[in-house]
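The file coords-v7.csv comes next; it holds CSV, C-alpha atoms and all ligand atoms.
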chain,number,residue,atom,x,y,z
A,1,MET,CA,0.0,0.0,0.0
A,2,LYS,CA,1.2,3.5,-0.8
A,3,SER,CA,2.4,5.3,2.3
A,4,ASN,CA,0.5,8.4,3.4
A,5,PRO,CA,2.7,10.8,5.5
A,6,TRP,CA,-0.3,12.2,7.4
A,7,PHE,CA,-1.4,8.7,8.4
A,8,ASP,CA,2.1,7.6,9.2
A,9,LYS,CA,2.8,10.5,11.5
A,10,TRP,CA,-0.3,9.8,13.7
A,11,ALA,CA,0.2,6.0,13.6
A,12,LYS,CA,3.8,6.4,14.7
A,13,LYS,CA,2.9,8.7,17.5
A,14,ALA,CA,0.2,6.3,18.7
A,15,LYS,CA,2.6,3.4,18.7
A,16,GLU,CA,5.2,5.4,20.7
A,17,LEU,CA,2.5,6.1,23.3
A,18,GLY,CA,1.5,2.4,23.5
A,19,TYR,CA,-1.8,2.5,21.6
A,20,PRO,CA,-2.5,0.1,18.8
A,21,ALA,CA,-4.3,2.7,16.5
A,22,ARG,CA,-4.0,6.4,15.7
A,23,SER,CA,-7.8,6.7,16.3
A,24,VAL,CA,-6.9,7.3,20.0
A,25,PHE,CA,-6.1,11.0,19.2
A,26,LYS,CA,-9.7,11.6,18.2
A,27,LEU,CA,-11.0,10.4,21.6
A,28,ILE,CA,-8.3,12.4,23.4
A,29,GLU,CA,-9.5,15.5,21.6
A,30,ILE,CA,-13.1,14.7,22.4
A,31,GLN,CA,-12.3,14.1,26.0
A,32,GLU,CA,-10.3,17.3,26.3
A,33,LYS,CA,-13.2,19.4,24.8
A,34,PHE,CA,-16.3,17.6,26.1
A,35,LYS,CA,-15.2,15.8,29.3
A,36,ILE,CA,-17.2,12.7,28.5
A,37,LEU,CA,-15.3,10.3,30.7
A,38,LYS,CA,-14.6,10.5,34.4
A,39,ALA,CA,-12.9,8.4,37.1
A,40,GLY,CA,-15.0,5.4,38.2
A,41,ASP,CA,-17.2,5.3,35.1
A,42,THR,CA,-18.3,2.1,33.4
A,43,VAL,CA,-17.8,2.5,29.6
A,44,LEU,CA,-19.2,0.4,26.7
A,45,ASP,CA,-17.0,0.8,23.7
A,46,LEU,CA,-18.7,-0.3,20.4
A,47,GLY,CA,-16.3,-1.1,17.6
A,48,ALA,CA,-13.5,-1.4,20.0
A,49,ALA,CA,-10.8,-3.2,17.9
A,50,PRO,CA,-7.8,-2.9,17.9
A,51,GLY,CA,-8.4,-1.3,21.3
A,52,SER,CA,-7.0,2.3,21.4
A,53,TRP,CA,-10.2,3.9,22.6
A,54,SER,CA,-10.7,1.2,25.3
A,55,LYS,CA,-7.2,1.6,26.5
A,56,TYR,CA,-7.5,5.4,26.7
A,57,ALA,CA,-10.9,5.1,28.4
A,58,HIS,CA,-9.5,2.7,30.9
A,59,GLN,CA,-6.7,5.2,31.7
A,60,VAL,CA,-9.3,7.9,32.4
A,61,VAL,CA,-11.8,5.8,34.4
A,62,GLY,CA,-9.0,4.3,36.5
A,63,GLU,CA,-9.0,1.1,38.5
A,64,LYS,CA,-12.5,1.7,39.9
A,65,GLY,CA,-14.0,2.0,36.4
A,66,LYS,CA,-14.8,-0.7,33.9
A,67,VAL,CA,-14.6,-0.9,30.1
A,68,ILE,CA,-16.5,-3.4,28.0
A,69,GLY,CA,-15.4,-3.6,24.3
A,70,VAL,CA,-17.5,-5.1,21.5
A,71,ASP,CA,-16.2,-5.8,18.0
A,72,LEU,CA,-16.3,-8.3,15.2
A,73,GLU,CA,-12.5,-8.4,15.3
A,74,GLU,CA,-10.1,-9.3,18.2
A,75,VAL,CA,-8.6,-6.5,20.3
A,76,LYS,CA,-4.9,-6.1,20.9
A,77,VAL,CA,-5.2,-4.8,24.4
A,78,ASN,CA,-5.9,-6.2,27.8
A,79,PHE,CA,-6.0,-4.7,31.3
A,80,PRO,CA,-7.8,-5.1,34.6
A,81,ASN,CA,-11.6,-4.5,34.5
A,82,PHE,CA,-11.7,-4.9,30.7
A,83,PHE,CA,-14.3,-7.2,29.3
A,84,PHE,CA,-14.4,-8.0,25.6
A,85,LEU,CA,-17.3,-9.4,23.6
A,86,LYS,CA,-16.4,-10.6,20.1
A,87,LYS,CA,-19.7,-9.9,18.5
A,88,ASN,CA,-21.6,-8.2,15.7
A,89,ILE,CA,-23.4,-5.3,17.5
A,90,PHE,CA,-26.6,-6.2,15.6
A,91,GLU,CA,-26.6,-9.4,17.5
A,92,LEU,CA,-25.6,-8.0,20.9
A,93,SER,CA,-28.2,-8.3,23.6
A,94,SER,CA,-28.2,-6.3,26.8
A,95,GLU,CA,-28.4,-9.6,28.7
A,96,GLU,CA,-24.8,-10.4,27.6
A,97,VAL,CA,-23.6,-7.1,29.2
A,98,LYS,CA,-25.7,-7.7,32.3
A,99,ALA,CA,-24.2,-11.2,32.5
A,100,LEU,CA,-20.9,-9.4,33.3
A,101,GLY,CA,-22.5,-8.0,36.4
A,102,ILE,CA,-23.1,-4.6,34.7
A,103,GLU,CA,-26.7,-3.3,34.8
A,104,LYS,CA,-26.2,0.1,33.2
A,105,VAL,CA,-23.2,2.1,31.8
A,106,ASP,CA,-22.2,5.7,32.2
A,107,VAL,CA,-20.8,6.2,28.7
A,108,ILE,CA,-21.2,4.6,25.3
A,109,LEU,CA,-18.5,5.2,22.8
A,110,SER,CA,-19.0,4.2,19.2
A,111,ASP,CA,-16.2,4.4,16.7
A,112,LEU,CA,-18.0,1.8,14.6
A,113,ALA,CA,-17.2,2.1,11.0
A,114,PRO,CA,-18.7,0.0,8.1
A,115,LYS,CA,-16.3,-1.4,5.5
A,116,THR,CA,-16.1,1.5,3.1
A,117,THR,CA,-17.3,0.8,-0.5
A,118,GLY,CA,-16.1,4.0,-2.1
A,119,ASN,CA,-19.7,4.9,-2.7
A,120,LYS,CA,-20.3,7.9,-0.4
A,121,TRP,CA,-24.1,7.3,-0.2
A,122,VAL,CA,-23.8,3.6,0.6
A,123,ASP,CA,-21.1,4.3,3.3
A,124,HIS,CA,-23.3,7.0,4.8
A,125,ILE,CA,-26.4,4.8,5.0
A,126,LYS,CA,-24.4,1.9,6.5
A,127,SER,CA,-22.9,4.3,9.1
A,128,VAL,CA,-26.4,5.7,9.9
A,129,GLU,CA,-27.5,2.1,10.6
A,130,LEU,CA,-24.6,1.7,13.0
A,131,VAL,CA,-25.5,4.9,14.9
A,132,GLU,CA,-29.1,3.8,15.0
A,133,LYS,CA,-28.0,0.6,16.6
A,134,ALA,CA,-25.8,2.5,19.1
A,135,LEU,CA,-29.0,4.5,20.0
A,136,GLU,CA,-31.0,1.3,20.5
A,137,ILE,CA,-28.3,0.0,22.8
A,138,SER,CA,-28.3,3.3,24.6
A,139,THR,CA,-32.0,3.0,25.4
A,140,GLU,CA,-31.3,-0.4,27.0
A,141,LEU,CA,-28.0,0.2,28.8
A,142,LEU,CA,-27.2,3.9,29.3
A,143,LYS,CA,-27.8,5.4,32.7
A,144,GLU,CA,-29.9,8.5,33.2
A,145,GLY,CA,-27.5,11.5,32.6
A,146,GLY,CA,-25.1,9.2,30.7
A,147,HIS,CA,-23.2,10.3,27.5
A,148,LEU,CA,-22.8,8.9,24.0
A,149,VAL,CA,-20.1,9.5,21.4
A,150,ALA,CA,-20.9,8.1,18.0
A,151,LYS,CA,-19.1,8.3,14.7
A,152,ILE,CA,-21.0,8.9,11.5
A,153,PHE,CA,-19.9,9.3,7.9
A,154,GLU,CA,-21.7,12.5,7.1
A,155,GLY,CA,-24.4,12.7,4.5
A,156,PRO,CA,-28.1,13.7,4.0
A,157,GLN,CA,-29.4,11.7,6.9
A,158,THR,CA,-27.2,13.5,9.5
A,159,PRO,CA,-29.7,16.3,10.4
A,160,LEU,CA,-32.5,13.7,10.9
A,161,LEU,CA,-30.3,11.6,13.1
A,162,ARG,CA,-29.3,14.7,15.1
A,163,LYS,CA,-33.0,15.5,15.7
A,164,LYS,CA,-33.4,11.9,17.1
A,165,LEU,CA,-30.4,12.4,19.4
A,166,GLU,CA,-31.8,15.7,20.5
A,167,LYS,CA,-34.9,14.0,21.8
A,168,MET,CA,-32.9,11.6,23.8
A,169,PHE,CA,-30.1,13.8,25.2
A,170,GLN,CA,-30.0,17.2,26.7
A,171,LYS,CA,-27.1,18.5,24.6
A,172,VAL,CA,-25.9,17.3,21.2
A,173,ASN,CA,-22.9,18.5,19.2
A,174,LEU,CA,-21.2,17.5,16.0
A,175,PHE,CA,-17.4,17.5,16.3
A,176,LYS,CA,-14.6,16.9,13.7
A,177,PRO,CA,-11.3,16.2,15.6
A,178,LYS,CA,-8.2,17.8,14.1
A,179,SER,CA,-6.6,14.3,14.0
A,180,SER,CA,-9.4,13.1,11.6
A,181,ARG,CA,-8.3,13.4,8.0
A,182,LYS,CA,-9.9,16.4,6.3
A,183,GLU,CA,-10.9,14.3,3.3
A,184,SER,CA,-12.7,11.8,5.5
A,185,LYS,CA,-16.5,12.1,5.9
A,186,GLU,CA,-16.3,11.0,9.5
A,187,ILE,CA,-17.6,13.3,12.2
A,188,PHE,CA,-18.7,12.5,15.8
A,189,PHE,CA,-22.0,13.1,17.6
A,190,ILE,CA,-21.2,14.1,21.2
A,191,ALA,CA,-24.5,13.6,23.1
A,192,LYS,CA,-24.5,14.5,26.7
A,193,ASN,CA,-27.0,13.8,29.6
A,194,PHE,CA,-29.3,11.0,28.4
A,195,LYS,CA,-32.9,11.6,29.3
A,196,ARG,CA,-34.5,8.2,30.3
A,197,SER,CA,-37.8,10.2,30.4
A,198,PHE,CA,-37.8,10.3,26.6
A,199,LEU,CA,-38.6,6.6,26.5
B,201,LIG,C1,-12.3,2.6,13.3
B,201,LIG,S1,-12.4,1.0,13.9
B,201,LIG,C2,-12.4,1.2,15.6
B,201,LIG,C3,-11.0,1.7,16.2
B,201,LIG,C4,-11.0,1.7,17.7
B,201,LIG,N1,-11.9,2.8,18.2
B,201,LIG,C5,-9.7,1.9,18.3
B,201,LIG,O1,-9.4,3.0,18.8
B,201,LIG,O2,-8.9,0.9,18.3
B,201,LIG,C6,-14.0,0.5,13.6
B,201,LIG,C7,-14.3,-0.9,14.1
B,201,LIG,O3,-15.8,-1.1,14.0
B,201,LIG,C8,-15.9,-2.5,13.9
B,201,LIG,N2,-17.3,-2.9,13.4
B,201,LIG,C9,-17.9,-2.5,12.2
B,201,LIG,N3,-19.1,-3.0,12.1
B,201,LIG,C10,-19.3,-3.7,13.3
B,201,LIG,C11,-20.4,-4.5,13.7
B,201,LIG,N4,-21.5,-4.7,13.0
B,201,LIG,N5,-20.3,-5.1,14.9
B,201,LIG,C12,-19.1,-5.0,15.7
B,201,LIG,N6,-18.1,-4.3,15.3
B,201,LIG,C13,-18.1,-3.7,14.1
B,201,LIG,C14,-14.8,-3.0,12.9
B,201,LIG,O4,-14.5,-4.3,13.1
B,201,LIG,C15,-13.7,-2.1,13.4
B,201,LIG,O5,-12.8,-2.7,14.3

Could the structure of this file be written out as structure tokens, please?
Ligand SMILES: C[S@@+](CC[C@H](N)C(=O)[O-])C[C@H]1O[C@@H](n2cnc3c(N)ncnc32)[C@H](O)[C@@H]1O
Amino acid sequence: MKSNPWFDKWAKKAKELGYPARSVFKLIEIQEKFKILKAGDTVLDLGAAPGSWSKYAHQVVGEKGKVIGVDLEEVKVNFPNFFFLKKNIFELSSEEVKALGIEKVDVILSDLAPKTTGNKWVDHIKSVELVEKALEISTELLKEGGHLVAKIFEGPQTPLLRKKLEKMFQKVNLFKPKSSRKESKEIFFIAKNFKRSFL
């Protein structure tokens, strides 16, 4: 594969810091700006592989916190209070999370990304489906006042999805981290303070 200097720079920096993927810098930026995670939190990380977000989340939530990762692929990280479910999120049931002794979580992170096809519309729709699933999981597992971070490949459905999120959460922002490639359509919903009363 042809090397990309931008990609190489961030990937190298991530490796130096002990993270398996450069995507960690996006979560670091999100955390610095929106203070999503705090010590002691229980975090559900959807699309966790290879594990950078889970590892960073673990560092913020500390030894009293917990991180549950879910992915189709294996993760390359392991640490105390980390649980990993190798699963398709469309087949994930809340009972599997509850079986780990976790009733509800404080934060749901979703860096889920479909396999891109090169067709922007198809990629957008697949990514919308992943966000919709993350929302369904939120209604089952997120605590009142909890937060959700969800990646989307931007497109015509983004405003509709934002409206949906605004019914469920007190505050919703769209954020493009500096460490995300400018040419990439990815952007993140940062949804704070889940309102169980919306259900
Ligand atoms: C951008 S990567 C996540 C990187 C991760 N946040 C990290 O920092 O290491 C997106 C992940 O979403 C996962 N994924 C995509 N669709 C999925 C699905 N239906 N169920 C579970 N995982 C899925 C992919 O396997 C991939 O590992």

Checklist entry - Which is closer to ligand LIG 201 (chain B) than all the others in A:Val60, A:Ala11, A:Ile36, A:Ala48, using all atoms listed in the file? => result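 That would be A:Ala48, the residue with the smallest distance to ligand LIG 201 (chain B).
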
Item to check | Near-ligand residues for ligand LIG 201 (chain B), threshold 7 Å, all atoms listed in the file, as a list of chain:residue names | outcome: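 Listed by chain and ascending number, the contacts are A:Pro20, A:Ala21, A:Ser23, A:Val24, A:Leu46, A:Gly47, A:Ala48, A:Ala49, A:Pro50, A:Gly51, A:Ser52, A:Trp53, A:Ser54, A:Val70, A:Asp71, A:Leu72, A:Glu73, A:Lys87, A:Asn88, A:Ile89, A:Phe90, A:Asp111, A:Leu112, A:Ala113, A:Pro114, A:Lys115.
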
Item to check | atom CA of Leu44 of chain A to atom CA of Asn78 of chain A, straight-line distance in Å | outcome: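 So the two atoms, atom CA of Asn78 of chain A and atom CA of Leu44 of chain A, lie 14.9 Å apart.
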
Checklist entry - Could you pull the residues within 10 Å of Asn81 of chain A, counting all atoms listed in the file, minus those fewer than 3 positions along the same chain, as a PyMOL selection string? => result chain A and resi 42+58+62-68+78+84

Next, the residues of the selection above should be written as a PDB file, keeping the file's coordinate frame with C-alpha atoms.
ATOM      1  CA  THR A  42     -18.300   2.100  33.400  1.00  0.00           C
ATOM      2  CA  HIS A  58      -9.500   2.700  30.900  1.00  0.00           C
ATOM      3  CA  GLY A  62      -9.000   4.300  36.500  1.00  0.00           C
ATOM      4  CA  GLU A  63      -9.000   1.100  38.500  1.00  0.00           C
ATOM      5  CA  LYS A  64     -12.500   1.700  39.900  1.00  0.00           C
ATOM      6  CA  GLY A  65     -14.000   2.000  36.400  1.00  0.00           C
ATOM      7  CA  LYS A  66     -14.800  -0.700  33.900  1.00  0.00           C
ATOM      8  CA  VAL A  67     -14.600  -0.900  30.100  1.00  0.00           C
ATOM      9  CA  ILE A  68     -16.500  -3.400  28.000  1.00  0.00           C
ATOM     10  CA  ASN A  78      -5.900  -6.200  27.800  1.00  0.00           C
ATOM     11  CA  PHE A  84     -14.400  -8.000  25.600  1.00  0.00           C
TER      12      PHE A  84
END

Checklist entry - segment 182-197 of chain A: which residues within 8 Å, counting all atoms listed in the file, same-chain residues fewer than 6 positions away excluded, as a PyMOL selection string? => result chain A and resi 34+36+139+142-154+162+165+168-176

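Going from atom CA of Gln157 of chain A to atom CA of Asp123 of chain A covers 11.7 Å.
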
Item to check | Closest of A:Leu17, A:Asp8, A:Arg181, A:Leu141 to Glu103 of chain A - atom-to-atom distances counting all atoms listed in the file | outcome: A:Leu141

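The shortest atom-to-atom distance to Leu100 of chain A, with all atoms listed in the file taken into account, belongs to A:Phe83 out of A:Gln59, A:Ala14, A:Phe83, A:Pro159.
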
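Reported to one decimal place, the separation of atom CA of Trp121 of chain A from atom CA of Leu109 of chain A is 23.8 Å.
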
Checklist entry - So which residues touch Val131 of chain A within 8 Å, counting all atoms listed in the file, skipping near sequence neighbours fewer than 2 positions away, as a list of chain:residue names? => result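 My reading of the contact set: A:Ser110, A:Ser127, A:Val128, A:Glu129, A:Lys133, A:Ala134, A:Leu135, A:Ala150, A:Lys151, A:Ile152.
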
Checklist entry - Nearest to Glu91 of chain A among A:Glu166, A:Asp41, A:Glu136, A:Asp106, with distances taken over all atoms listed in the file: which residue is it? => result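 Closest residue, counting all atoms listed in the file: A:Glu136.
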
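By chain and then residue number, the residues within 8 Å of segment 94-98 of chain A are Gly101, Ile102, Glu103, Lys104, Ile137, Glu140 and Leu141 of chain A, counting only C-alpha atoms and disregarding those fewer than 3 positions away in sequence.
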
Can you complete the atoms of segment 26-55 of chain A to N, CA and C atoms and list them as a tab-separated table (two decimals), keeping the file's coordinate frame?
chain	number	residue	atom	x	y	z
A	26	LYS	N	-8.36	10.99	18.34
A	26	LYS	CA	-9.70	11.60	18.20
A	26	LYS	C	-10.42	11.57	19.53
A	27	LEU	N	-10.31	10.43	20.25
A	27	LEU	CA	-11.00	10.40	21.60
A	27	LEU	C	-10.31	11.31	22.55
A	28	ILE	N	-8.99	11.45	22.47
A	28	ILE	CA	-8.30	12.40	23.40
A	28	ILE	C	-8.85	13.80	23.15
A	29	GLU	N	-8.98	14.18	21.87
A	29	GLU	CA	-9.50	15.50	21.60
A	29	GLU	C	-10.94	15.68	22.09
A	30	ILE	N	-11.74	14.62	21.89
A	30	ILE	CA	-13.10	14.70	22.40
A	30	ILE	C	-13.18	14.82	23.87
A	31	GLN	N	-12.34	14.04	24.56
A	31	GLN	CA	-12.30	14.10	26.00
A	31	GLN	C	-11.87	15.48	26.50
A	32	GLU	N	-10.84	16.03	25.85
A	32	GLU	CA	-10.30	17.30	26.30
A	32	GLU	C	-11.40	18.42	26.12
A	33	LYS	N	-12.17	18.33	25.05
A	33	LYS	CA	-13.20	19.40	24.80
A	33	LYS	C	-14.48	19.14	25.53
A	34	PHE	N	-14.94	17.89	25.62
A	34	PHE	CA	-16.30	17.60	26.10
A	34	PHE	C	-16.37	16.93	27.47
A	35	LYS	N	-15.22	16.48	28.00
A	35	LYS	CA	-15.20	15.80	29.30
A	35	LYS	C	-16.27	14.75	29.44
A	36	ILE	N	-16.18	13.77	28.55
A	36	ILE	CA	-17.20	12.70	28.50
A	36	ILE	C	-16.95	11.66	29.58
A	37	LEU	N	-15.68	11.35	29.81
A	37	LEU	CA	-15.30	10.30	30.70
A	37	LEU	C	-14.83	10.82	32.05
A	38	LYS	N	-15.14	10.09	33.14
A	38	LYS	CA	-14.60	10.50	34.40
A	38	LYS	C	-14.18	9.26	35.25
A	39	ALA	N	-13.37	9.50	36.26
A	39	ALA	CA	-12.90	8.40	37.10
A	39	ALA	C	-14.07	7.59	37.65
A	40	GLY	N	-13.95	6.27	37.61
A	40	GLY	CA	-15.00	5.40	38.20
A	40	GLY	C	-16.08	5.00	37.21
A	41	ASP	N	-16.09	5.61	36.01
A	41	ASP	CA	-17.20	5.30	35.10
A	41	ASP	C	-17.09	3.87	34.52
A	42	THR	N	-18.27	3.36	34.13
A	42	THR	CA	-18.30	2.10	33.40
A	42	THR	C	-18.64	2.54	31.92
A	43	VAL	N	-17.81	2.04	30.99
A	43	VAL	CA	-17.80	2.50	29.60
A	43	VAL	C	-18.08	1.30	28.67
A	44	LEU	N	-19.03	1.46	27.74
A	44	LEU	CA	-19.20	0.40	26.70
A	44	LEU	C	-18.66	1.00	25.40
A	45	ASP	N	-17.68	0.29	24.85
A	45	ASP	CA	-17.00	0.80	23.70
A	45	ASP	C	-17.36	-0.12	22.46
A	46	LEU	N	-18.20	0.44	21.59
A	46	LEU	CA	-18.70	-0.30	20.40
A	46	LEU	C	-17.77	-0.12	19.24
A	47	GLY	N	-17.33	-1.21	18.63
A	47	GLY	CA	-16.30	-1.10	17.60
A	47	GLY	C	-14.99	-0.83	18.17
A	48	ALA	N	-14.61	-1.70	19.12
A	48	ALA	CA	-13.50	-1.40	20.00
A	48	ALA	C	-12.10	-1.78	19.41
A	49	ALA	N	-12.08	-2.67	18.39
A	49	ALA	CA	-10.80	-3.20	17.90
A	49	ALA	C	-10.05	-2.17	17.03
A	50	PRO	N	-8.73	-2.08	17.11
A	50	PRO	CA	-7.80	-2.90	17.90
A	50	PRO	C	-7.73	-2.59	19.38
A	51	GLY	N	-8.32	-1.48	19.83
A	51	GLY	CA	-8.40	-1.30	21.30
A	51	GLY	C	-7.86	0.04	21.81
A	52	SER	N	-7.55	0.99	20.93
A	52	SER	CA	-7.00	2.30	21.40
A	52	SER	C	-7.98	3.04	22.30
A	53	TRP	N	-9.22	3.11	21.84
A	53	TRP	CA	-10.20	3.90	22.60
A	53	TRP	C	-10.43	3.21	23.98
A	54	SER	N	-10.53	1.87	23.98
A	54	SER	CA	-10.70	1.20	25.30
A	54	SER	C	-9.58	1.44	26.20
A	55	LYS	N	-8.37	1.39	25.66
A	55	LYS	CA	-7.20	1.60	26.50
A	55	LYS	C	-7.17	3.01	27.09
